[in-house]
Amino acid sequence: MKKVNHLLCLFIAIVSFSCSSDDEGTHNDPPIQASLYFPLNPNSYWTYSNISDQGSTSDSLYVNGTQNQNGATYTNLDARIPGTAFMTNLLSQNLVRSNSTEFLLFGELSTPPVEGFPEISIPLDNVVLFDTELPFNTVLSSFNGAIEQLINEIPLVIEYAVKTEQKEHLENYSVNGRVFDNVLKSRIVVTLAITAEIEVLPGVILPVPILSNQEVLIVNNFFASNTGLIVSEALTQYELEDLSGTGIDLPFPTEASSTTTQTIDLFFIGN
């Protein structure tokens, strides 16, 4: 009987320890809110210095109220005109909001700023710019589509793909000698492919590749805790196919490459 009692006590002890361990293992810290990495409080503003192939400029962003869209409340970020950096224009020409751990963008994305390049507007429906809880190299949003456009009387089919990615979580990041703690890095990548549709005979269409599938825009963004966007690096690049002998003449360069770096100068987070 004593042996049975000892075994029973041992069984109860093991079960109690297991339950206690499970309780401790399921205890999680509350998620880090996205608003911590881009506060949208009233009266908040940010100023930036930009360096590009065309020289140096400055931008500013500021919170200018809210707007209801599709049953959700978004924040309007406005910019001092003209905005020159890519993220200044993207944020100020669209709507943003925080959703728990996600920072979301609603509106549209324009094509790279290359003179003569087809003007493409890509719809953005709650695209995630960063997530405070997701690990390195996680795809946040991904979508694609196609647009038909007439350039120099040439019908073009422009296929696009857009994705946003979560990148590193950094303990700190230095910007112009100033160190920011708790920094998130994320990325926007836009891929394009362009095909001309040439009618060689009535009803007979010959597809002619103009631009092979290429990443034409890559934007690396850094967001700091209790601050917002502190750095944005936008690379625009493409190279057309060899169109000699095709008779196709397009009003934009056969290749382009440019980089714009946007770094924070001053900021104020309102109450």
# chains A, B, ... in the order shown; residues from 1 in each chain; ligands from 1
$ residues_around --residues "segment 36-50 of chain A" --least-positions-apart "4" --cutoff "10 Å" --atoms "only C-alpha atoms" --output "ChimeraX atom specification"
/A:32,55-66,74-80,84-86,88,96-98,101-103,130-132,182-184,222-233,260-271
$ residues_around --residues "segment 200-211 of chain A" --least-positions-apart "2" --cutoff "12 Å" --atoms "only C-alpha atoms" --output "PDB file with C-alpha atoms, in the first residue's frame"
ATOM      1  CA  PHE A 117       8.289  56.717 -68.684  1.00  0.00           C
ATOM      2  CA  PRO A 118       4.677  55.481 -68.782  1.00  0.00           C
ATOM      3  CA  ILE A 154       2.028  51.887 -79.647  1.00  0.00           C
ATOM      4  CA  PRO A 155      -0.215  49.671 -77.473  1.00  0.00           C
ATOM      5  CA  LEU A 156       1.693  48.576 -74.372  1.00  0.00           C
ATOM      6  CA  VAL A 157       0.777  45.977 -71.786  1.00  0.00           C
ATOM      7  CA  ILE A 158       2.458  46.816 -68.466  1.00  0.00           C
ATOM      8  CA  GLU A 159       2.492  43.984 -65.931  1.00  0.00           C
ATOM      9  CA  TYR A 160       3.362  44.898 -62.349  1.00  0.00           C
ATOM     10  CA  THR A 191       8.657  44.738 -60.517  1.00  0.00           C
ATOM     11  CA  LEU A 192       7.576  45.657 -64.068  1.00  0.00           C
ATOM     12  CA  ALA A 193       7.429  43.914 -67.443  1.00  0.00           C
ATOM     13  CA  ILE A 194       6.349  45.773 -70.601  1.00  0.00           C
ATOM     14  CA  THR A 195       5.252  44.263 -73.912  1.00  0.00           C
ATOM     15  CA  ALA A 196       4.289  46.091 -77.101  1.00  0.00           C
ATOM     16  CA  GLU A 197       1.403  44.604 -79.086  1.00  0.00           C
ATOM     17  CA  ILE A 198       2.089  45.266 -82.781  1.00  0.00           C
ATOM     18  CA  ASN A 213      10.676  41.303 -65.840  1.00  0.00           C
ATOM     19  CA  GLN A 214      12.809  43.610 -63.646  1.00  0.00           C
ATOM     20  CA  GLU A 215      12.798  45.096 -60.157  1.00  0.00           C
ATOM     21  CA  VAL A 216      12.554  48.740 -61.189  1.00  0.00           C
ATOM     22  CA  GLN A 237      16.672  51.219 -62.243  1.00  0.00           C
ATOM     23  CA  TYR A 238      15.727  49.494 -65.501  1.00  0.00           C
ATOM     24  CA  GLU A 239      17.136  48.519 -68.901  1.00  0.00           C
ATOM     25  CA  LEU A 240      14.989  48.059 -72.022  1.00  0.00           C
ATOM     26  CA  GLU A 241      15.379  45.267 -74.526  1.00  0.00           C
ATOM     27  CA  ASP A 242      17.317  45.970 -77.732  1.00  0.00           C
ATOM     28  CA  LEU A 243      14.630  47.523 -79.952  1.00  0.00           C
ATOM     29  CA  SER A 244      16.854  48.204 -82.955  1.00  0.00           C
ATOM     30  CA  GLY A 245      15.236  46.884 -86.114  1.00  0.00           C
ATOM     31  CA  THR A 246      11.757  46.750 -84.550  1.00  0.00           C
ATOM     32  CA  GLY A 247      10.703  50.239 -85.680  1.00  0.00           C
ATOM     33  CA  ILE A 248       9.515  50.965 -82.137  1.00  0.00           C
ATOM     34  CA  ASP A 249      10.429  54.426 -80.852  1.00  0.00           C
ATOM     35  CA  LEU A 250       9.628  55.198 -77.216  1.00  0.00           C
ATOM     36  CA  PHE A 252      11.952  57.524 -72.529  1.00  0.00           C
ATOM     37  CA  PRO A 253      15.578  56.451 -72.025  1.00  0.00           C
ATOM     38  CA  THR A 254      16.597  52.899 -72.856  1.00  0.00           C
ATOM     39  CA  GLU A 255      18.063  52.603 -69.372  1.00  0.00           C
TER      40      GLU A 255
END
$ atom_distance --atom1 "atom CA of Gly177 of chain A" --atom2 "atom CA of Ala34 of chain A"
25.7 Å
$ atom_distance --atom1 "atom CA of Ile81 of chain A" --atom2 "atom CA of Pro123 of chain A"
22.9 Å
$ atom_distance --atom1 "atom CA of Asn176 of chain A" --atom2 "atom CA of Val189 of chain A"
25.8 Å
$ select_by_dssp --residues "segment 67-270 of chain A" --states "helix (DSSP H, G or I)" --output "PyMOL selection string"
chain A and resi 86-92
$ write_last_selection --atoms "N, CA and C atoms" --output "compact mmCIF listing (two decimals), in the first residue's frame"
# COMPACT_ATOMS: atom_id res chain seq x y z
N PHE A 86 10.93 59.97 -52.40
CA PHE A 86 9.89 59.00 -52.74
C PHE A 86 8.92 58.79 -51.58
N MET A 87 9.41 58.53 -50.37
CA MET A 87 8.52 58.23 -49.26
C MET A 87 7.72 59.46 -48.82
N THR A 88 8.27 60.64 -48.96
CA THR A 88 7.50 61.85 -48.66
C THR A 88 6.26 61.90 -49.55
N ASN A 89 6.45 61.66 -50.84
CA ASN A 89 5.32 61.68 -51.77
C ASN A 89 4.36 60.53 -51.52
N LEU A 90 4.90 59.33 -51.29
CA LEU A 90 4.03 58.17 -51.09
C LEU A 90 3.15 58.35 -49.85
N LEU A 91 3.73 58.80 -48.76
CA LEU A 91 2.97 58.95 -47.52
C LEU A 91 2.00 60.13 -47.57
N SER A 92 2.41 61.22 -48.20
CA SER A 92 1.57 62.42 -48.20
C SER A 92 0.44 62.36 -49.23
$ closest_residue --among "A:Thr138, A:Phe180, A:Glu168, A:Val162" --to "Glu108 of chain A" --atoms "only C-alpha atoms"
A:Val162
$ closest_residue --among "A:Pro251, A:Gly71, A:Pro30, A:Pro135" --to "Glu165 of chain A" --atoms "only C-alpha atoms"
A:Pro135
